[in-house]
Structure formats: C-alpha cells, structure tokens
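Structure file entry-v8.cif (mmCIF, C-alpha atoms) follows.
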data_my_file
#
loop_
_atom_site.label_atom_id
_atom_site.label_comp_id
_atom_site.auth_asym_id
_atom_site.auth_seq_id
_atom_site.Cartn_x
_atom_site.Cartn_y
_atom_site.Cartn_z
CA MET A 27 0.00 0.00 0.00
CA THR A 28 2.84 2.38 0.92
CA ARG A 29 4.55 1.73 -2.42
CA LYS A 30 1.30 2.48 -4.29
CA ILE A 31 0.92 5.75 -2.44
CA LEU A 32 4.52 6.71 -3.18
CA ALA A 33 4.08 5.81 -6.86
CA LEU A 34 0.90 7.88 -7.08
CA ALA A 35 2.66 10.81 -5.43
CA VAL A 36 5.51 10.61 -7.95
CA VAL A 37 3.02 10.62 -10.85
CA LEU A 38 1.18 13.63 -9.44
CA ILE A 39 4.41 15.54 -8.89
CA PHE A 40 5.51 14.70 -12.46
CA GLN A 41 2.20 15.86 -13.95
CA THR A 42 2.28 19.06 -11.90
CA SER A 43 5.82 19.74 -13.08
CA LEU A 44 4.78 19.27 -16.71
CA PHE A 45 1.82 21.62 -16.24
CA THR A 46 4.05 24.25 -14.62
CA ILE A 47 6.61 23.99 -17.42
CA HIS A 48 3.87 24.26 -20.07
CA SER A 49 2.20 27.21 -18.32
CA SER A 50 5.46 29.10 -17.93
CA ALA A 51 6.23 28.46 -21.59
CA VAL A 52 3.09 30.32 -22.74
CA THR A 53 4.11 33.88 -23.56
CA ARG A 54 1.88 36.95 -23.51
CA GLY A 55 1.99 36.88 -27.30
CA GLU A 56 0.15 33.55 -27.21
CA ILE A 57 -2.65 34.92 -25.04
CA LEU A 58 -5.60 36.94 -26.28
CA LYS A 59 -7.52 38.75 -23.55
CA VAL A 60 -11.14 39.30 -24.61
CA TYR A 61 -13.42 41.48 -22.47
CA ASN A 62 -17.09 41.29 -23.40
CA TRP A 63 -20.59 41.61 -21.97
CA ALA A 64 -21.93 38.53 -20.18
CA ASP A 65 -23.97 36.14 -22.35
CA TYR A 66 -22.98 38.04 -25.48
CA ILE A 67 -21.31 35.45 -27.69
CA ASP A 68 -21.68 31.87 -28.87
CA GLU A 69 -19.05 30.45 -26.54
CA ASP A 70 -18.31 27.56 -28.89
CA LEU A 71 -16.69 30.11 -31.18
CA ILE A 72 -13.92 30.75 -28.64
CA PRO A 73 -12.07 27.42 -29.06
CA GLU A 74 -12.96 27.45 -32.76
CA PHE A 75 -11.18 30.79 -33.14
CA GLU A 76 -8.07 29.39 -31.46
CA GLN A 77 -7.95 26.57 -34.02
CA TRP A 78 -8.75 28.90 -36.94
CA TYR A 79 -6.08 31.38 -35.86
CA HIS A 80 -3.46 28.63 -35.83
CA ALA A 81 -4.55 27.51 -39.30
CA GLN A 82 -4.22 31.07 -40.62
CA THR A 83 -0.96 32.08 -38.95
CA GLY A 84 0.77 28.92 -37.80
CA LYS A 85 0.78 30.38 -34.31
CA TYR A 86 -0.93 29.15 -31.17
CA ILE A 87 -3.28 31.36 -29.22
CA HIS A 88 -5.18 30.90 -25.98
CA ILE A 89 -8.16 33.13 -25.23
CA VAL A 90 -8.61 34.44 -21.71
CA TYR A 91 -12.28 35.41 -21.82
CA GLN A 92 -13.71 37.77 -19.18
CA THR A 93 -17.01 39.61 -18.87
CA PHE A 94 -18.22 42.95 -17.53
CA ASP A 95 -21.68 44.35 -16.82
CA ILE A 96 -21.14 48.11 -16.82
CA ASN A 97 -19.47 50.15 -19.56
CA GLU A 98 -18.00 52.64 -17.13
CA SER A 99 -16.34 50.03 -14.92
CA MET A 100 -14.70 48.49 -17.97
CA LEU A 101 -13.48 51.90 -19.11
CA THR A 102 -12.06 52.71 -15.66
CA GLU A 103 -10.07 49.48 -15.67
CA ILE A 104 -8.46 50.50 -18.94
CA GLU A 105 -8.12 54.25 -18.46
CA VAL A 106 -7.02 54.26 -14.82
CA GLY A 107 -5.81 50.72 -14.25
CA HIS A 108 -4.09 50.36 -17.64
CA GLU A 109 -5.46 46.83 -17.96
CA ASP A 110 -4.02 45.10 -21.01
CA TYR A 111 -7.21 43.68 -22.54
CA ASP A 112 -6.61 42.98 -26.21
CA VAL A 113 -10.15 43.28 -27.53
CA VAL A 114 -13.16 44.84 -25.82
CA CYS A 115 -16.83 45.33 -26.77
CA PRO A 116 -18.06 48.73 -25.51
CA SER A 117 -21.23 50.59 -26.42
CA GLU A 118 -21.20 53.44 -28.90
CA TYR A 119 -20.92 56.30 -26.43
CA ILE A 120 -17.95 54.65 -24.72
CA ILE A 121 -16.25 54.09 -28.07
CA GLU A 122 -16.75 57.81 -28.68
CA ARG A 123 -15.26 58.64 -25.29
CA MET A 124 -12.29 56.32 -25.81
CA LEU A 125 -11.59 58.00 -29.15
CA LYS A 126 -11.61 61.43 -27.50
CA LYS A 127 -9.21 60.22 -24.81
CA GLN A 128 -6.97 58.44 -27.33
CA LEU A 129 -7.45 55.08 -25.61
CA LEU A 130 -7.73 53.02 -28.80
CA GLN A 131 -5.29 51.45 -31.23
CA PRO A 132 -6.11 51.12 -34.92
CA ILE A 133 -7.35 47.66 -35.92
CA ARG A 134 -4.56 46.00 -37.90
CA LYS A 135 -6.52 44.96 -40.96
CA ASN A 136 -3.34 45.00 -43.05
CA VAL A 137 -1.80 42.33 -40.80
CA VAL A 138 -4.80 40.08 -41.37
CA ALA A 139 -4.71 40.67 -45.14
CA LYS A 140 -1.01 39.70 -45.45
CA THR A 141 -1.70 36.06 -44.57
CA GLY A 142 -4.38 35.71 -47.24
CA THR A 143 -7.09 35.48 -44.58
CA PRO A 144 -10.60 36.37 -45.81
CA MET A 145 -11.31 40.02 -45.03
CA TRP A 146 -14.68 39.60 -43.37
CA PHE A 147 -14.41 43.13 -41.96
CA GLY A 148 -16.11 44.27 -45.16
CA ASN A 149 -19.30 42.37 -44.28
CA VAL A 150 -20.36 45.09 -41.84
CA SER A 151 -23.34 46.93 -43.29
CA PRO A 152 -22.76 50.50 -44.53
CA PHE A 153 -25.68 51.41 -42.24
CA ALA A 154 -23.45 50.54 -39.27
CA THR A 155 -20.23 52.03 -40.61
CA GLU A 156 -22.00 55.33 -41.37
CA LYS A 157 -23.46 55.44 -37.87
CA PHE A 158 -20.06 54.65 -36.36
CA GLN A 159 -18.50 57.56 -38.23
CA GLN A 160 -20.88 59.85 -36.33
CA MET A 161 -18.86 59.01 -33.21
CA ALA A 162 -15.80 60.86 -34.53
CA PRO A 163 -14.68 63.70 -32.25
CA LYS A 164 -15.45 67.02 -33.91
CA GLY A 165 -12.59 68.30 -36.03
CA SER A 166 -10.50 65.17 -35.46
CA GLY A 167 -10.63 63.86 -39.02
CA ILE A 168 -10.60 60.33 -37.57
CA ASN A 169 -12.05 57.44 -39.54
CA VAL A 170 -13.86 55.73 -36.69
CA ASN A 171 -14.03 52.47 -38.62
CA ASP A 172 -10.25 52.24 -38.48
CA TYR A 173 -10.56 51.94 -34.71
CA SER A 174 -13.79 50.02 -34.21
CA VAL A 175 -15.95 47.39 -35.92
CA GLY A 176 -19.64 46.97 -35.19
CA TYR A 177 -20.92 43.84 -33.44
CA MET A 178 -24.60 44.11 -32.40
CA TRP A 179 -27.24 46.82 -32.69
CA GLY A 180 -30.85 47.58 -31.86
CA THR A 181 -33.47 50.15 -30.93
CA THR A 182 -35.32 51.26 -27.80
CA GLY A 183 -39.10 51.07 -27.59
CA PHE A 184 -42.01 49.58 -25.69
CA MET A 185 -42.27 45.84 -25.12
CA TYR A 186 -45.87 45.10 -24.18
CA ASN A 187 -48.28 42.36 -23.15
CA LYS A 188 -50.90 41.89 -25.90
CA LYS A 189 -53.44 40.68 -23.35
CA TYR A 190 -53.70 44.21 -21.96
CA LEU A 191 -52.37 46.50 -24.70
CA LYS A 192 -52.11 46.86 -28.45
CA ALA A 193 -49.48 48.64 -30.54
CA SER A 194 -51.66 51.72 -31.04
CA ASP A 195 -51.86 52.18 -27.25
CA LEU A 196 -48.09 52.69 -27.22
CA ASP A 197 -47.69 54.64 -30.45
CA SER A 198 -46.46 57.61 -28.41
CA TRP A 199 -44.12 57.99 -25.44
CA GLY A 200 -47.08 59.82 -23.89
CA ALA A 201 -48.33 56.37 -22.86
CA LEU A 202 -46.03 56.77 -19.88
CA TYR A 203 -48.64 59.15 -18.43
CA ASP A 204 -51.81 57.30 -19.36
CA PRO A 205 -53.79 56.85 -16.10
CA ARG A 206 -55.01 53.46 -17.33
CA TYR A 207 -51.52 52.06 -16.82
CA LEU A 208 -51.13 52.94 -13.16
CA GLY A 209 -48.16 50.98 -11.80
CA LYS A 210 -47.96 48.82 -14.93
CA ILE A 211 -44.93 50.18 -16.80
CA LEU A 212 -41.32 49.11 -16.34
CA VAL A 213 -38.54 51.50 -17.38
CA LYS A 214 -35.01 50.44 -18.31
CA ASP A 215 -32.55 51.77 -15.74
CA ALA A 216 -30.45 53.45 -18.43
CA PHE A 217 -30.58 57.23 -18.35
CA ARG A 218 -28.99 57.82 -21.77
CA ASP A 219 -31.48 55.57 -23.56
CA VAL A 220 -34.47 57.00 -21.72
CA TYR A 221 -33.29 60.59 -22.24
CA SER A 222 -32.73 60.14 -25.98
CA CYS A 223 -36.27 58.78 -26.38
CA LEU A 224 -38.08 61.31 -24.21
CA VAL A 225 -36.25 64.37 -25.54
CA CYS A 226 -37.65 63.45 -28.97
CA PHE A 227 -41.11 63.32 -27.40
CA ALA A 228 -40.66 66.61 -25.55
CA ARG A 229 -39.47 68.41 -28.67
CA TYR A 230 -41.65 66.59 -31.19
CA ASP A 231 -43.39 69.78 -32.38
CA ASP A 232 -39.98 71.28 -33.15
CA ILE A 233 -38.98 68.13 -35.03
CA VAL A 234 -42.16 68.19 -37.14
CA ALA A 235 -41.72 71.91 -37.86
CA GLY A 236 -38.15 71.31 -39.01
CA ARG A 237 -36.62 73.52 -36.33
CA VAL A 238 -34.45 70.70 -34.99
CA THR A 239 -33.51 67.11 -35.92
CA ARG A 240 -33.52 64.06 -33.72
CA ASP A 241 -29.78 63.65 -34.29
CA ASP A 242 -29.17 67.19 -33.00
CA LEU A 243 -31.38 66.66 -29.97
CA VAL A 244 -29.71 63.42 -28.94
CA ALA A 245 -26.15 64.57 -29.70
CA ASN A 246 -26.36 68.04 -28.15
CA ILE A 247 -27.55 67.66 -24.56
CA THR A 248 -28.66 70.90 -22.90
CA ASP A 249 -29.70 71.81 -19.35
CA GLU A 250 -33.08 72.91 -20.70
CA ASN A 251 -33.74 69.52 -22.30
CA ILE A 252 -32.53 67.68 -19.21
CA GLN A 253 -35.12 69.62 -17.19
CA LEU A 254 -37.82 68.80 -19.74
CA VAL A 255 -37.08 65.08 -19.53
CA GLU A 256 -36.92 65.19 -15.73
CA SER A 257 -40.34 66.82 -15.50
CA MET A 258 -41.77 64.20 -17.84
CA LEU A 259 -40.33 61.36 -15.78
CA ARG A 260 -41.65 62.85 -12.55
CA ARG A 261 -45.08 63.07 -14.11
CA ALA A 262 -44.83 59.43 -15.17
CA LYS A 263 -43.81 58.11 -11.73
CA PRO A 264 -47.29 56.87 -10.67
CA ASN A 265 -47.31 54.55 -13.68
CA ILE A 266 -43.82 53.15 -13.15
CA PHE A 267 -43.78 49.62 -11.74
CA GLY A 268 -39.99 49.74 -11.34
CA TRP A 269 -36.62 50.61 -12.85
CA GLU A 270 -35.10 47.47 -14.29
CA THR A 271 -31.65 46.48 -15.42
CA ASP A 272 -32.27 42.87 -16.38
CA PHE A 273 -35.38 41.62 -14.58
CA GLY A 274 -37.76 43.29 -17.03
CA LYS A 275 -37.73 40.34 -19.40
CA GLU A 276 -38.77 37.93 -16.66
CA THR A 277 -41.32 40.32 -15.15
CA MET A 278 -42.98 40.84 -18.53
CA THR A 279 -42.98 37.11 -19.22
CA LYS A 280 -44.80 36.54 -15.92
CA GLY A 281 -47.37 39.22 -16.79
CA LYS A 282 -46.65 41.37 -13.72
CA ALA A 283 -46.20 44.51 -15.83
CA TRP A 284 -48.03 45.48 -19.01
CA ALA A 285 -45.29 47.43 -20.78
CA ASN A 286 -41.54 47.91 -20.55
CA LEU A 287 -39.47 50.74 -21.98
CA SER A 288 -36.76 48.40 -23.15
CA TRP A 289 -34.14 47.43 -25.71
CA SER A 290 -35.21 45.51 -28.79
CA GLY A 291 -32.83 42.66 -27.97
CA ASP A 292 -34.40 42.15 -24.54
CA ALA A 293 -37.83 42.32 -26.18
CA ALA A 294 -36.93 39.68 -28.78
CA TRP A 295 -35.68 37.32 -26.05
CA ALA A 296 -38.73 37.89 -23.83
CA ILE A 297 -41.18 37.42 -26.72
CA GLU A 298 -39.75 33.97 -27.44
CA GLU A 299 -39.58 32.95 -23.78
CA ALA A 300 -43.13 34.12 -23.14
CA LYS A 301 -44.51 31.92 -25.91
CA ALA A 302 -43.48 28.85 -23.93
CA VAL A 303 -45.73 29.87 -21.04
CA GLY A 304 -48.64 31.08 -23.14
CA VAL A 305 -47.94 34.82 -22.81
CA SER A 306 -48.08 36.96 -25.95
CA LEU A 307 -45.64 39.88 -26.00
CA ASP A 308 -44.77 42.34 -28.75
CA TYR A 309 -42.65 45.44 -29.38
CA VAL A 310 -43.20 48.89 -30.89
CA VAL A 311 -41.15 52.06 -31.41
CA PRO A 312 -43.25 55.21 -30.73
CA LYS A 313 -43.78 57.74 -33.51
CA GLU A 314 -41.87 60.63 -31.92
CA GLY A 315 -38.56 58.84 -32.32
CA SER A 316 -36.06 56.74 -30.44
CA ASN A 317 -32.42 55.80 -30.39
CA VAL A 318 -30.46 53.28 -32.36
CA TRP A 319 -27.63 51.82 -30.32
CA PHE A 320 -24.51 49.82 -31.18
CA ASP A 321 -21.88 47.71 -29.46
CA GLY A 322 -18.57 47.26 -31.25
CA TRP A 323 -15.14 45.68 -31.05
CA VAL A 324 -12.11 47.84 -30.26
CA ILE A 325 -8.45 47.32 -29.39
CA PRO A 326 -7.55 49.34 -26.24
CA LYS A 327 -4.39 51.41 -25.96
CA TYR A 328 -2.67 49.03 -23.55
CA ALA A 329 -3.38 45.81 -25.49
CA LYS A 330 -0.39 43.49 -25.75
CA ASN A 331 -1.60 41.39 -28.67
CA PRO A 332 -3.24 43.72 -31.23
CA ASP A 333 -2.45 41.39 -34.13
CA ALA A 334 -4.42 38.46 -32.69
CA ALA A 335 -7.12 40.91 -31.62
CA SER A 336 -7.49 42.03 -35.23
CA TYR A 337 -7.88 38.40 -36.36
CA PHE A 338 -10.52 37.87 -33.66
CA ILE A 339 -12.56 40.86 -34.83
CA ASP A 340 -12.36 39.66 -38.42
CA PHE A 341 -13.51 36.19 -37.32
CA MET A 342 -16.58 37.71 -35.63
CA CYS A 343 -17.52 39.33 -38.96
CA LYS A 344 -17.77 36.00 -40.80
CA PRO A 345 -21.46 35.65 -41.80
CA GLU A 346 -21.80 32.14 -40.37
CA ASN A 347 -20.40 33.31 -37.04
CA ALA A 348 -22.63 36.38 -37.02
CA VAL A 349 -25.71 34.16 -37.39
CA ARG A 350 -24.50 31.83 -34.64
CA ASN A 351 -23.95 34.74 -32.27
CA MET A 352 -27.41 36.10 -33.03
CA GLU A 353 -29.03 32.74 -32.35
CA ALA A 354 -27.08 32.32 -29.12
CA ILE A 355 -27.74 35.73 -27.56
CA GLY A 356 -30.93 37.06 -29.21
CA TYR A 357 -29.46 40.34 -30.43
CA VAL A 358 -28.91 41.51 -34.01
CA SER A 359 -25.59 41.53 -35.85
CA VAL A 360 -24.41 44.44 -37.99
CA ILE A 361 -23.38 41.96 -40.70
CA GLY A 362 -25.56 42.54 -43.75
CA THR A 363 -24.57 39.83 -46.22
CA PRO A 364 -26.86 37.59 -48.33
CA GLU A 365 -26.03 34.65 -46.04
CA VAL A 366 -27.34 36.50 -42.99
CA LEU A 367 -30.44 37.66 -44.87
CA GLU A 368 -31.14 34.09 -45.97
CA ALA A 369 -30.81 32.81 -42.39
CA MET A 370 -33.08 35.56 -41.05
CA LEU A 371 -35.71 34.90 -43.73
CA GLU A 372 -35.68 31.24 -42.75
CA ASN A 373 -36.05 32.10 -39.07
CA ALA A 374 -39.01 34.36 -39.81
CA LYS A 375 -40.94 31.81 -41.87
CA ASP A 376 -43.18 30.63 -39.04
CA GLY A 377 -43.72 34.05 -37.48
CA ASN A 378 -46.33 35.51 -39.83
CA PHE A 379 -44.39 38.79 -39.90
CA PRO A 380 -45.36 41.68 -42.16
CA TYR A 381 -43.13 42.84 -44.99
CA VAL A 382 -40.48 45.38 -44.03
CA ASP A 383 -38.00 47.52 -45.91
CA ALA A 384 -34.64 46.33 -44.53
CA SER A 385 -32.63 47.74 -47.44
CA TYR A 386 -30.70 49.94 -45.00
CA ILE A 387 -28.78 46.85 -43.84
CA PHE A 388 -29.22 44.25 -46.62
CA GLY A 389 -29.26 46.49 -49.66
CA GLU A 390 -31.74 46.04 -52.50
CA ALA A 391 -32.27 42.35 -51.61
CA GLY A 392 -33.85 43.49 -48.33
CA ARG A 393 -36.20 46.04 -49.88
CA HIS A 394 -39.45 44.07 -49.41
CA VAL A 395 -38.97 41.03 -47.19
CA ARG A 396 -40.70 39.20 -44.35
CA LEU A 397 -38.40 39.59 -41.35
CA ASN A 398 -38.85 39.77 -37.59
CA TYR A 399 -39.52 43.52 -37.21
CA VAL A 400 -38.21 43.50 -33.64
CA TYR A 401 -34.81 42.57 -35.09
CA TYR A 402 -35.11 44.54 -38.31
CA PRO A 403 -37.54 47.48 -38.05
CA ASP A 404 -38.90 48.98 -41.23
CA LEU A 405 -36.82 51.77 -42.79
CA SER A 406 -39.52 54.25 -41.71
CA VAL A 407 -38.76 53.36 -38.07
CA ILE A 408 -34.99 53.60 -38.55
CA ASN A 409 -35.43 57.04 -40.10
CA ARG A 410 -36.85 58.33 -36.80
CA CYS A 411 -34.07 56.88 -34.65
CA ALA A 412 -30.93 58.79 -33.67
CA LEU A 413 -27.54 57.48 -32.56
CA MET A 414 -26.78 57.85 -28.84
CA HIS A 415 -23.67 59.84 -27.95
CA ASP A 416 -21.38 60.41 -25.00
CA CYS A 417 -22.89 62.92 -22.57
CA ALA A 418 -19.41 64.47 -22.16
CA ASP A 419 -19.57 67.50 -19.83
CA LYS A 420 -23.29 66.86 -19.21
CA THR A 421 -22.74 63.41 -17.72
CA GLU A 422 -22.87 64.63 -14.12
CA ALA A 423 -26.06 66.62 -14.74
CA MET A 424 -27.67 63.59 -16.39
CA VAL A 425 -26.70 61.28 -13.52
CA GLU A 426 -28.02 63.75 -10.94
CA MET A 427 -31.30 64.10 -12.84
CA TRP A 428 -31.69 60.34 -12.98
CA SER A 429 -30.97 59.97 -9.27
CA ARG A 430 -33.54 62.61 -8.40
CA VAL A 431 -36.21 61.01 -10.55
CA LYS A 432 -35.63 57.54 -9.14
CA GLY A 433 -35.10 58.57 -5.55
CA ASP A 434 -37.29 61.44 -4.42
CA SER A 435 -40.77 60.19 -5.21
CA LEU A 436 -42.51 56.94 -4.51
CA ASN A 437 -43.85 54.58 -7.11
CA VAL A 438 -47.31 53.05 -6.87
CA ARG A 439 -46.17 49.78 -5.28
CA MET A 440 -44.34 51.60 -2.52
CA ILE A 441 -47.32 53.89 -1.92
CA VAL A 442 -49.66 50.88 -1.68
CA VAL A 443 -47.34 49.16 0.78
CA ILE A 444 -47.00 52.28 2.95
CA VAL A 445 -50.74 52.99 2.93
CA THR A 446 -51.46 49.36 3.81
CA VAL A 447 -49.02 49.46 6.72
CA ILE A 448 -50.54 52.72 7.99
CA LEU A 449 -54.05 51.27 7.76
CA VAL A 450 -52.97 48.15 9.64
CA ILE A 451 -51.44 50.32 12.37
CA ILE A 452 -54.62 52.40 12.59
CA VAL A 453 -56.81 49.29 12.78
CA VAL A 454 -54.59 47.70 15.44
CA TYR A 455 -54.49 50.92 17.43
CA ALA A 456 -58.26 51.46 17.17
CA SER A 457 -58.94 47.84 18.03
CA GLY A 458 -56.73 48.05 21.12
CA LYS A 459 -58.32 51.29 22.18
CA TYR A 460 -61.81 49.78 21.78
CA ARG A 461 -60.86 46.72 23.87
CA ARG A 462 -59.51 48.97 26.62
CA TYR A 463 -62.77 50.96 26.52
CA ARG A 464 -64.83 47.75 26.84
CA ARG A 465 -62.75 46.57 29.84
CA LYS A 466 -63.15 49.96 31.46
CA MET A 467 -66.95 49.88 31.02
CA ARG A 468 -67.20 46.32 32.44
CA ARG A 469 -65.16 47.39 35.48
CA ARG A 470 -67.48 50.33 36.11
CA LYS A 471 -70.52 48.04 35.94
CA ARG A 472 -69.02 45.66 38.49
CA LEU A 473 -68.21 48.53 40.85
CA ALA A 474 -71.75 49.87 40.46
CA LEU A 475 -73.20 46.48 41.36
CA LEU A 476 -70.99 46.16 44.44
CA SER A 477 -71.92 49.58 45.69
CA LYS A 478 -75.58 48.58 45.75
#

Translate this file's structure into structure tokens.
Amino acid sequence: MTRKILALAVVLIFQTSLFTIHSSAVTRGEILKVYNWADYIDEDLIPEFEQWYHAQTGKYIHIVYQTFDINESMLTEIEVGHEDYDVVCPSEYIIERMLKKQLLQPIRKNVVAKTGTPMWFGNVSPFATEKFQQMAPKGSGINVNDYSVGYMWGTTGFMYNKKYLKASDLDSWGALYDPRYLGKILVKDAFRDVYSCLVCFARYDDIVAGRVTRDDLVANITDENIQLVESMLRRAKPNIFGWETDFGKETMTKGKAWANLSWSGDAAWAIEEAKAVGVSLDYVVPKEGSNVWFDGWVIPKYAKNPDAASYFIDFMCKPENAVRNMEAIGYVSVIGTPEVLEAMLENAKDGNFPYVDASYIFGEAGRHVRLNYVYYPDLSVINRCALMHDCADKTEAMVEMWSRVKGDSLNVRMIVVIVTVILVIIVVYASGKYRRYRRKMRRRKRLALLSK
C-alpha cells in the first residue's frame, strides 16, 4: 500500500511539473484577452477561433475570456488601471469617449490581409459604418471604422403584453402618463437611452416643424432639455412599476407589468420565452422617435496582442459566425450579407411577420422582405431613430437628474405598501383602544353592582 501511495505521489508531482513547465512556456503573445458583456457570444466560437487562428498564422493562441456588466467600470479598468485587454466590446458612447481620450489602437486589418485570410471586416453593413463615423470627435478627421468594428445593434421602444395592450396604445411615449396604466410600466434603468427617447417626445413639435432634428437633440444635450425630460419622468412616476436592469424580461414574461421601456434585444428574447408559457408579448417604437444603439469591437491602448485581436474581430464578422452569435444571444448583428439575410428569412418563416424595408442593412435584396420587425424594423422606423452619444460634460447633470427622478418620489407599489401598513397600524391601534374601553366599562358596571 505504501509503495502504491509513493508511486501515485511521484506521478502527481511529475504531472504538476509538466503543467508548470507548459504554463510558464506560454508567452503573452500567445494569449488573447477578450473582455465582453456577459452572455454576449456563442461560446463555442472561442475554441474554434483558437484553431482557426493557428490555421491562418501557424501560431498558437489561448483566449482568456472575461465579462463585464457596466461600460463605465470596464473603461475605468483600462483608463485608470491600464489593464491590457486585447479586444473589448463597448457601447457606442464609450467608443466615442475612448476615441476622444486616445485610448484606442487602430485595428490591424493590413496584418490580417497579409496572410491571405478572408477580409470579413467588409461584411459590416454600410448602415453601421456610417453610424459609427458619427462618433468621430469634432474636427478630429478620424475614420472611426479604423478603430472600431460593429458587433450588435438595436433600438429602444415599448415591449408590451398583448393581453392588456395593443401597438396603437403605445404609439407615443405619452403612454407613460396614461392613467389606465397605473403601476404597470417598467422602465429600463439606463438614463442615456431613456433621455434620448423622451427628448424626442418633448421636442416633437420642433422636429415636425423642421426647427431641430432628432440627431441634433440626442447629440447636443442641454440643461433645458434635461429639465424637460426630468419633469416628464416625474409626471410618469405613478405609472412606473420599477426601474429594471435585467429583470424586465422575466417580469414581462410573468405578466406582472403590461409594458416595458426596453431594448429591442431584450424584447426579442422575452417574446420567445413568453410563448413557452402562453404569454403573448410584442414590441413597438413610438412615432416621436427613439435611439439606435450599437456595441462594437475595439483594441484598447494598452493591449499586448493587437495582431491576434485584429484576427478575432475579423472572425466575428464571418457571416456564419454572425448568425450563430445572433441565435445564441438574441441580439442583431451588424453583418448585412446575403447569407445573414437568408438565415433571417428562414427564421421568420413561421412568425407571420409583415413585410419590411430592410434595405438599410441588406441592400436592394432586403427592400421588401418578411423579417422579424423586432430585429429589423422597417426603414420608416430607422429614419426616426438617432444614434446615442457620450454625454461628455453633461454626464454629471444627467446622472443627478436620474438619481432625483428615481429617488425622491414613490412609485405606486411603494405607496400601496406604505398605505397598507398605515391602515394596519390604525386598525390595530383602534382595536386596542376599543378593547380597553370595553374593559373599562365592564369594570365600572361591576363597581356599580358592588356599591348597591
């Protein structure tokens, strides 16, 4: 027995030594640090990329994959902590901020091209590349698409329960105030998204009259417009069931709320999940306008492996991989090739969807097609959506406004709870007082009887 134990110990020590030698032999150049949102990729693509990269370059690569849940925390790690992530997936306003602060490296497309690797970068729809160029700092002359490549995109609108509401009920952001929806509306806890939608509502007359555009309103944040949006949100508070970050999908699926000011990707996921439990949900973008948002791949300033990062971004732009990512996460890729269109047409076959004009992303082939309109809104909807931007010097004012709106007034549920508690206290107090009165009266009667 002792010999067996000694032999086993020798084997374990030998294996540990081999592992240590192998680990120490892996250089930083053989590691690719990817920093992405949680649940935002088909994870099978990670080992597949490692194999594909070796086939293209003859080099080995190991992906260290990490996730974040807040744009700002990711940015702080890079800007302040100088973290050496090689490829990151921020939202559009953070890409804009990183460009202003010179925190990005150019994507090395020329390095990828030298090995004869397919240049899938070019599969990104012009719709996305044009929107990305709007992120360029004024007067910089920067080609934003040299520094970032789109990944997923979507809109912001109302997800709603068809048992209680129809699309026409939510055709305007004014539905937030409708007294019929007391305590029945969820709002995404995302002040930029909510602001960009409601400022279009607040200034809709100016938009219609041609005095201002949605792009100008969303890009140029003013104190006056912040106050307008704050007053609208305060007015809407009685209708607000809660401020949600991720629980909105589940709450809507369970039928606890009737509508949710939400992202199209969350709506698409919830609509499918709700079907399984017999709940019918849908999604609409109000007429006054909304935002169109993007997430994209970038290579941060302190990246140690920009070459492999560039290959990774190219790999994500392969049409087959774009479709797989969409199916895995429920959001919509910026890739606008015939292969993606074909896959989306196939997916929409059983949905009885109306025809939409999706030429903005698929070109002429998408001019009149049956697609899931939550994923691909009609061109008329896209035309009333503006790109979100960095709040820049108005960030603090926006955050303070959001804190005031969320914190200094009570929503309906809280009011109901407080009123109920007060009523219970009153009933208990009154009941106790009445019992004491009855005891006092009985005591008086007994004393009266004794005195006789």

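Excluding region 233-247 of chain A itself and same-chain residues fewer than 4 positions from it, the residues having an atom within 9 Å of it are Tyr221, Ser222, Cys223, Val225, Cys226, Arg229, Asn251, Ile252, Glu314, Gly315, Ser316, Asn317, Arg410, Cys411, Ala412, Leu413, Met414, His415, Asp416, Cys417 and Lys420 of chain A, counting all atoms listed in the file.
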
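Within the file as shown, the PyMOL selection byres ((chain A and resi 281) around 10) identifies Tyr186, Asn187, Lys189, Tyr190, Lys210, Glu276, Thr277, Met278, Thr279, Lys280, Lys282, Ala283, Trp284, Ala285, Ala300, Val305, Ser306 and Leu307 of chain A.
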
Run the PyMOL selection byres ((chain A and resi 134) around 8) mentally over the shown coordinates, then write out the matched residues as a list in words, using the chain letters and numbers from the document.
-> Pro132, Ile133, Lys135, Asn136, Val137, Val138, Pro332, Asp333 and Ser336 of chain A

Taken to one decimal, the CA of Gly433 (chain A)-CA of Val311 (chain A) distance is 27.3 Å

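In this comparison, which uses all atoms listed in the file, the residue of A:Asn169, A:Ala418, A:Trp63, A:Leu397 approaching Arg123 (chain A) most closely is A:Ala418.
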
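You can rank A:Thr271, A:Asn171, A:Asn286, A:Thr363 by their closest distance to Glu390 (chain A) using only C-alpha atoms, and at the top of that list sits A:Thr363.
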